[in-house]
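So this block is final_39.pdb, PDB, C-alpha atoms:
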```pdb
ATOM      1  CA  ILE A   1      -5.348 -12.800  -4.186
ATOM      2  CA  SER A   2      -5.561  -9.312  -2.751
ATOM      3  CA  MET A   3      -3.035  -8.699   0.025
ATOM      4  CA  ASP A   4      -3.261  -5.656   2.263
ATOM      5  CA  ILE A   5      -0.166  -4.199   3.847
ATOM      6  CA  LYS A   6      -1.138  -2.174   6.888
ATOM      7  CA  LEU A   7       1.228   0.716   7.604
ATOM      8  CA  LYS A   8       1.964   1.921  11.123
ATOM      9  CA  SER A   9       1.024   5.473  10.141
ATOM     10  CA  ALA A  10      -2.480   4.257   9.266
ATOM     11  CA  THR A  11      -3.011   1.667  12.007
ATOM     12  CA  GLY A  12      -0.688   2.531  14.893
ATOM     13  CA  PHE A  13       0.733  -0.995  14.780
ATOM     14  CA  ASP A  14       4.243  -2.000  13.709
ATOM     15  CA  PHE A  15       4.749  -3.297  10.180
ATOM     16  CA  GLN A  16       4.845  -7.099  10.305
ATOM     17  CA  THR A  17       7.589  -7.789   7.765
ATOM     18  CA  ALA A  18       8.035 -11.520   8.411
ATOM     19  CA  GLN A  19       4.305 -12.265   8.323
ATOM     20  CA  HIS A  20       3.729 -10.190   5.202
ATOM     21  CA  GLU A  21       6.694 -11.812   3.468
ATOM     22  CA  ALA A  22       5.537 -15.342   4.333
ATOM     23  CA  PHE A  23       2.018 -14.619   3.097
ATOM     24  CA  LEU A  24       3.223 -13.062  -0.148
ATOM     25  CA  GLU A  25       5.613 -15.952  -0.805
ATOM     26  CA  VAL A  26       2.671 -18.385  -0.710
ATOM     27  CA  ALA A  27       0.226 -16.062  -2.497
ATOM     28  CA  ARG A  28       2.493 -15.488  -5.479
ATOM     29  CA  ALA A  29       1.700 -19.030  -6.632
ATOM     30  CA  LYS A  30      -1.606 -17.493  -7.747
ATOM     31  CA  GLU A  31      -2.444 -14.154  -9.321
ATOM     32  CA  VAL A  32      -1.762 -11.657  -6.535
ATOM     33  CA  PHE A  33      -1.642  -7.922  -5.989
ATOM     34  CA  VAL A  34      -0.814  -5.842  -2.924
ATOM     35  CA  LYS A  35      -2.849  -2.887  -1.672
ATOM     36  CA  ILE A  36      -1.681  -0.158   0.687
ATOM     37  CA  VAL A  37      -3.961   2.517   2.124
ATOM     38  CA  PHE A  38      -1.885   5.522   3.146
ATOM     39  CA  VAL A  39      -2.591   8.627   5.208
ATOM     40  CA  PRO A  40      -1.107  12.157   5.202
ATOM     41  CA  GLU A  41       1.303  11.071   7.968
ATOM     42  CA  THR A  42       2.721   8.152   5.943
ATOM     43  CA  SER A  43       6.458   8.454   5.313
ATOM     44  CA  ASP A  44       8.590   7.657   2.296
ATOM     45  CA  ASP A  45      10.336   5.027   4.433
ATOM     46  CA  GLU A  46       7.077   3.157   5.041
ATOM     47  CA  ILE A  47       6.262   3.034   1.336
ATOM     48  CA  ASP A  48       9.825   2.031   0.500
ATOM     49  CA  GLU A  49       9.871  -0.710   3.160
ATOM     50  CA  ALA A  50       6.718  -2.208   1.674
ATOM     51  CA  ALA A  51       8.138  -1.938  -1.863
ATOM     52  CA  ILE A  52      11.348  -3.666  -0.754
ATOM     53  CA  LEU A  53       9.314  -6.533   0.691
ATOM     54  CA  ILE A  54       7.361  -6.960  -2.557
ATOM     55  CA  GLN A  55      10.513  -6.587  -4.672
ATOM     56  CA  LYS A  56      12.213  -9.336  -2.678
ATOM     57  CA  ILE A  57       9.437 -11.775  -3.614
ATOM     58  CA  ASP A  58       8.744 -10.551  -7.167
ATOM     59  CA  PRO A  59       9.120  -6.953  -8.444
ATOM     60  CA  SER A  60       6.381  -7.515 -11.021
ATOM     61  CA  ILE A  61       3.666  -8.032  -8.376
ATOM     62  CA  PRO A  62       1.265  -5.095  -8.828
ATOM     63  CA  LEU A  63       1.037  -2.570  -5.996
ATOM     64  CA  ILE A  64      -2.129  -0.516  -5.571
ATOM     65  CA  LEU A  65      -1.716   2.686  -3.544
ATOM     66  CA  GLN A  66      -4.920   4.102  -2.087
ATOM     67  CA  PRO A  67      -5.093   7.496  -0.401
ATOM     68  CA  VAL A  68      -7.303   7.225   2.682
ATOM     69  CA  THR A  69     -10.812   8.628   2.467
ATOM     70  CA  PRO A  70     -11.570  10.900   5.442
ATOM     71  CA  PHE A  71     -13.725   8.908   7.840
ATOM     72  CA  GLY A  72     -13.733   8.346  11.591
ATOM     73  CA  PRO A  73     -10.280   9.211  12.962
ATOM     74  CA  PHE A  74      -9.046  10.226   9.508
ATOM     75  CA  THR A  75     -10.056  13.825   8.896
ATOM     76  CA  GLN A  76      -7.584  14.651   6.119
ATOM     77  CA  ARG A  77      -6.689  12.969   2.876
ATOM     78  CA  PRO A  78      -3.174  12.882   1.381
ATOM     79  CA  THR A  79      -2.442  15.612  -1.143
ATOM     80  CA  PRO A  80      -2.272  14.817  -4.859
ATOM     81  CA  GLY A  81       1.443  15.666  -4.753
ATOM     82  CA  GLN A  82       2.038  13.265  -1.876
ATOM     83  CA  THR A  83       0.111  10.563  -3.709
ATOM     84  CA  LEU A  84       2.162  10.907  -6.894
ATOM     85  CA  HIS A  85       5.377  11.103  -4.860
ATOM     86  CA  PHE A  86       4.588   7.801  -3.118
ATOM     87  CA  GLN A  87       3.893   6.226  -6.486
ATOM     88  CA  GLU A  88       7.359   7.302  -7.637
ATOM     89  CA  VAL A  89       8.972   6.001  -4.430
ATOM     90  CA  ALA A  90       7.442   2.567  -5.030
ATOM     91  CA  ARG A  91       8.227   2.616  -8.762
ATOM     92  CA  ARG A  92      11.942   2.760  -7.945
ATOM     93  CA  ARG A  93      11.622  -0.889  -6.930
ATOM     94  CA  LEU A  94       8.468  -2.228  -8.609
ATOM     95  CA  SER A  95       7.357  -2.348 -12.220
ATOM     96  CA  ASP A  96       3.587  -1.967 -11.701
ATOM     97  CA  VAL A  97       2.455   0.688  -9.214
ATOM     98  CA  ARG A  98      -1.048   2.125  -9.558
ATOM     99  CA  VAL A  99      -3.041   4.728  -7.651
ATOM    100  CA  ILE A 100      -6.721   3.900  -7.225
ATOM    101  CA  PRO A 101      -9.093   5.736  -4.876
ATOM    102  CA  GLN A 102     -11.000   3.839  -2.229
ATOM    103  CA  THR A 103     -14.208   3.035  -4.083
ATOM    104  CA  HIS A 104     -16.420   1.941  -1.194
ATOM    105  CA  PRO A 105     -17.135   5.564  -0.145
ATOM    106  CA  LEU A 106     -18.078   6.402  -3.729
ATOM    107  CA  ILE A 107     -20.819   3.780  -3.687
ATOM    108  CA  GLY A 108     -22.064   4.557  -0.196
ATOM    109  CA  GLN A 109     -20.459   1.593   1.553
ATOM    110  CA  LEU A 110     -18.518   3.486   4.220
TER
END
```
Output the file's structure in the form of C-alpha coordinates.
Amino acid sequence: ISMDIKLKSATGFDFQTAQHEAFLEVARAKEVFVKIVFVPETSDDEIDEAAILIQKIDPSIPLILQPVTPFGPFTQRPTPGQTLHFQEVARRRLSDVRVIPQTHPLIGQL
(Lines of atoms letter the chains of each structure in order from A and count residues from 1; the text may use other names and numbers.)
(Lines give C-alpha, C1' and ligand atoms only; values in the text may rest on other atoms or scores of the structure.)
Protein backbone atom coordinates (compact mmCIF):
# COMPACT_ATOMS: atom_id res chain seq x y z
CA ILE A 1 0.00 0.00 0.00
CA SER A 2 1.31 3.42 -0.94
CA MET A 3 0.14 6.15 1.43
CA ASP A 4 0.58 9.81 0.58
CA ILE A 5 0.93 12.39 3.31
CA LYS A 6 -0.03 15.79 1.96
CA LEU A 7 1.80 18.66 3.66
CA LYS A 8 0.22 22.07 4.16
CA SER A 9 3.19 23.74 2.47
CA ALA A 10 2.43 21.77 -0.70
CA THR A 11 -1.38 21.79 -0.63
CA GLY A 12 -2.49 24.75 1.49
CA PHE A 13 -4.58 22.40 3.64
CA ASP A 14 -3.93 21.46 7.27
CA PHE A 15 -2.21 18.16 8.00
CA GLN A 16 -4.87 15.60 8.91
CA THR A 17 -3.08 13.74 11.71
CA ALA A 18 -6.01 11.64 12.95
CA GLN A 19 -7.05 10.51 9.47
CA HIS A 20 -3.50 9.71 8.42
CA GLU A 21 -2.89 7.79 11.64
CA ALA A 22 -6.09 5.75 11.29
CA PHE A 23 -5.27 4.88 7.68
CA LEU A 24 -1.70 3.88 8.48
CA GLU A 25 -2.82 1.75 11.43
CA VAL A 26 -5.01 -0.32 9.08
CA ALA A 27 -2.54 -0.30 6.17
CA ARG A 28 0.35 -1.65 8.22
CA ALA A 29 -1.36 -5.05 8.19
CA LYS A 30 -0.05 -5.23 4.62
CA GLU A 31 3.22 -4.11 3.06
CA VAL A 32 3.03 -0.32 3.23
CA PHE A 33 5.20 2.70 2.54
CA VAL A 34 4.55 6.42 2.94
CA LYS A 35 5.34 9.07 0.34
CA ILE A 36 5.69 12.80 0.92
CA VAL A 37 6.12 15.34 -1.87
CA PHE A 38 7.76 18.47 -0.47
CA VAL A 39 8.29 21.98 -1.80
CA PRO A 40 10.93 24.66 -1.12
CA GLU A 41 8.59 26.18 1.51
CA THR A 42 8.28 22.93 3.49
CA SER A 43 9.54 23.25 7.07
CA ASP A 44 11.49 20.89 9.29
CA ASP A 45 8.45 20.79 11.58
CA GLU A 46 6.23 19.43 8.81
CA ILE A 47 8.67 16.64 8.00
CA ASP A 48 9.15 15.87 11.68
CA GLU A 49 5.39 15.82 12.35
CA ALA A 50 4.93 13.27 9.57
CA ALA A 51 7.87 11.20 10.86
CA ILE A 52 6.42 11.23 14.38
CA LEU A 53 3.11 9.93 13.03
CA ILE A 54 4.83 7.08 11.17
CA GLN A 55 7.10 6.32 14.14
CA LYS A 56 4.08 6.04 16.42
CA ILE A 57 2.64 3.27 14.22
CA ASP A 58 5.91 1.54 13.24
CA PRO A 59 9.33 3.23 12.81
CA SER A 60 10.36 0.64 10.23
CA ILE A 61 7.68 1.73 7.72
CA PRO A 62 9.62 3.12 4.74
CA LEU A 63 9.27 6.84 4.01
CA ILE A 64 9.86 8.11 0.48
CA LEU A 65 10.65 11.83 0.22
CA GLN A 66 10.06 13.37 -3.20
CA PRO A 67 11.13 16.90 -4.08
CA VAL A 68 8.39 18.55 -6.14
CA THR A 69 8.94 18.87 -9.87
CA PRO A 70 8.23 22.43 -11.06
CA PHE A 71 4.82 22.39 -12.70
CA GLY A 72 1.75 24.62 -12.54
CA PRO A 73 1.91 26.68 -9.34
CA PHE A 74 5.27 25.16 -8.40
CA THR A 75 7.99 27.11 -10.17
CA GLN A 76 10.93 26.11 -7.97
CA ARG A 77 12.25 22.80 -6.77
CA PRO A 78 13.83 22.20 -3.34
CA THR A 79 17.60 22.46 -3.24
CA PRO A 80 19.75 19.33 -2.95
CA GLY A 81 20.84 20.54 0.49
CA GLN A 82 17.25 20.96 1.63
CA THR A 83 16.41 17.50 0.30
CA LEU A 84 19.26 15.82 2.19
CA HIS A 85 18.45 17.84 5.31
CA PHE A 86 14.83 16.63 5.28
CA GLN A 87 16.06 13.07 4.89
CA GLU A 88 18.17 13.53 8.03
CA VAL A 89 15.24 15.09 9.93
CA ALA A 90 13.09 12.04 9.17
CA ARG A 91 15.92 9.58 9.88
CA ARG A 92 16.03 10.80 13.48
CA ARG A 93 12.77 8.90 13.97
CA LEU A 94 12.56 6.33 11.16
CA SER A 95 14.88 3.56 10.05
CA ASP A 96 14.17 3.65 6.29
CA VAL A 97 14.01 7.08 4.65
CA ARG A 98 14.68 7.33 0.91
CA VAL A 99 14.77 10.20 -1.57
CA ILE A 100 13.31 9.38 -4.98
CA PRO A 101 12.50 11.96 -7.66
CA GLN A 102 9.01 12.21 -9.08
CA THR A 103 9.28 9.88 -12.06
CA HIS A 104 6.12 10.81 -13.95
CA PRO A 105 7.72 13.98 -15.41
CA LEU A 106 10.70 11.92 -16.56
CA ILE A 107 8.45 9.72 -18.67
CA GLY A 108 6.28 12.52 -20.01
CA GLN A 109 3.27 11.90 -17.78
CA LEU A 110 2.96 15.37 -16.26
Q) Any idea what the distance is between CA of Val89 in chain A and CA of Ala10 in chain A? A) 17.9 Å
Q.
Take the PyMOL selection byres ((chain A and resi 34-36) around 10), run it mentally on this structure, and tell me the resulting residues as an MDAnalysis selection string.
A. chainID A and resid 1:7 10 24 32:33 37:39 47 50:51 54 61:68 97:100
Output as JSON the centre and edge lengths (Å, one decimal) of the box along x, y and z of the file that holds every listed atom of range 19-33 of chain A after adding 5 Å on each side.
```
{"center_x": 2.1, "center_y": -13.5, "center_z": -0.5, "size_x": 19.1, "size_y": 21.1, "size_z": 27.6}
```
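Taking all atoms listed in the file into account, Asp96 in chain A lies nearest to A:Pro59 out of the set A:Pro59, A:Thr11, A:Gly81, A:Pro70.
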Q: Counting only C-alpha atoms, figure out which residue out of A:Glu31, A:Pro101, A:Gly12, A:Ile52 gets nearest to Pro80 in chain A.
A: A:Pro101
Q: Can you give me, as a ChimeraX atom specification, the residues this file yields under the PyMOL selection byres ((chain A and resi 40) around 8)?
A: /A:38-39,41-42,76-79,82
Based on the selection just made, write C-alpha atoms of those residues as a PDB file, keeping the file's coordinate frame.
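File result-v7.pdb, as written:
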```
ATOM      1  CA  PHE A  38      -1.885   5.522   3.146  1.00  0.00           C
ATOM      2  CA  VAL A  39      -2.591   8.627   5.208  1.00  0.00           C
ATOM      3  CA  GLU A  41       1.303  11.071   7.968  1.00  0.00           C
ATOM      4  CA  THR A  42       2.721   8.152   5.943  1.00  0.00           C
ATOM      5  CA  GLN A  76      -7.584  14.651   6.119  1.00  0.00           C
ATOM      6  CA  ARG A  77      -6.689  12.969   2.876  1.00  0.00           C
ATOM      7  CA  PRO A  78      -3.174  12.882   1.381  1.00  0.00           C
ATOM      8  CA  THR A  79      -2.442  15.612  -1.143  1.00  0.00           C
ATOM      9  CA  GLN A  82       2.038  13.265  -1.876  1.00  0.00           C
TER      10      GLN A  82
END
```
Q: May I ask for the distance between CA of Ser95 in chain A and CA of Ile57 in chain A, given in Å to one decimal place?
A: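 Those two atoms sit 12.9 Å apart.
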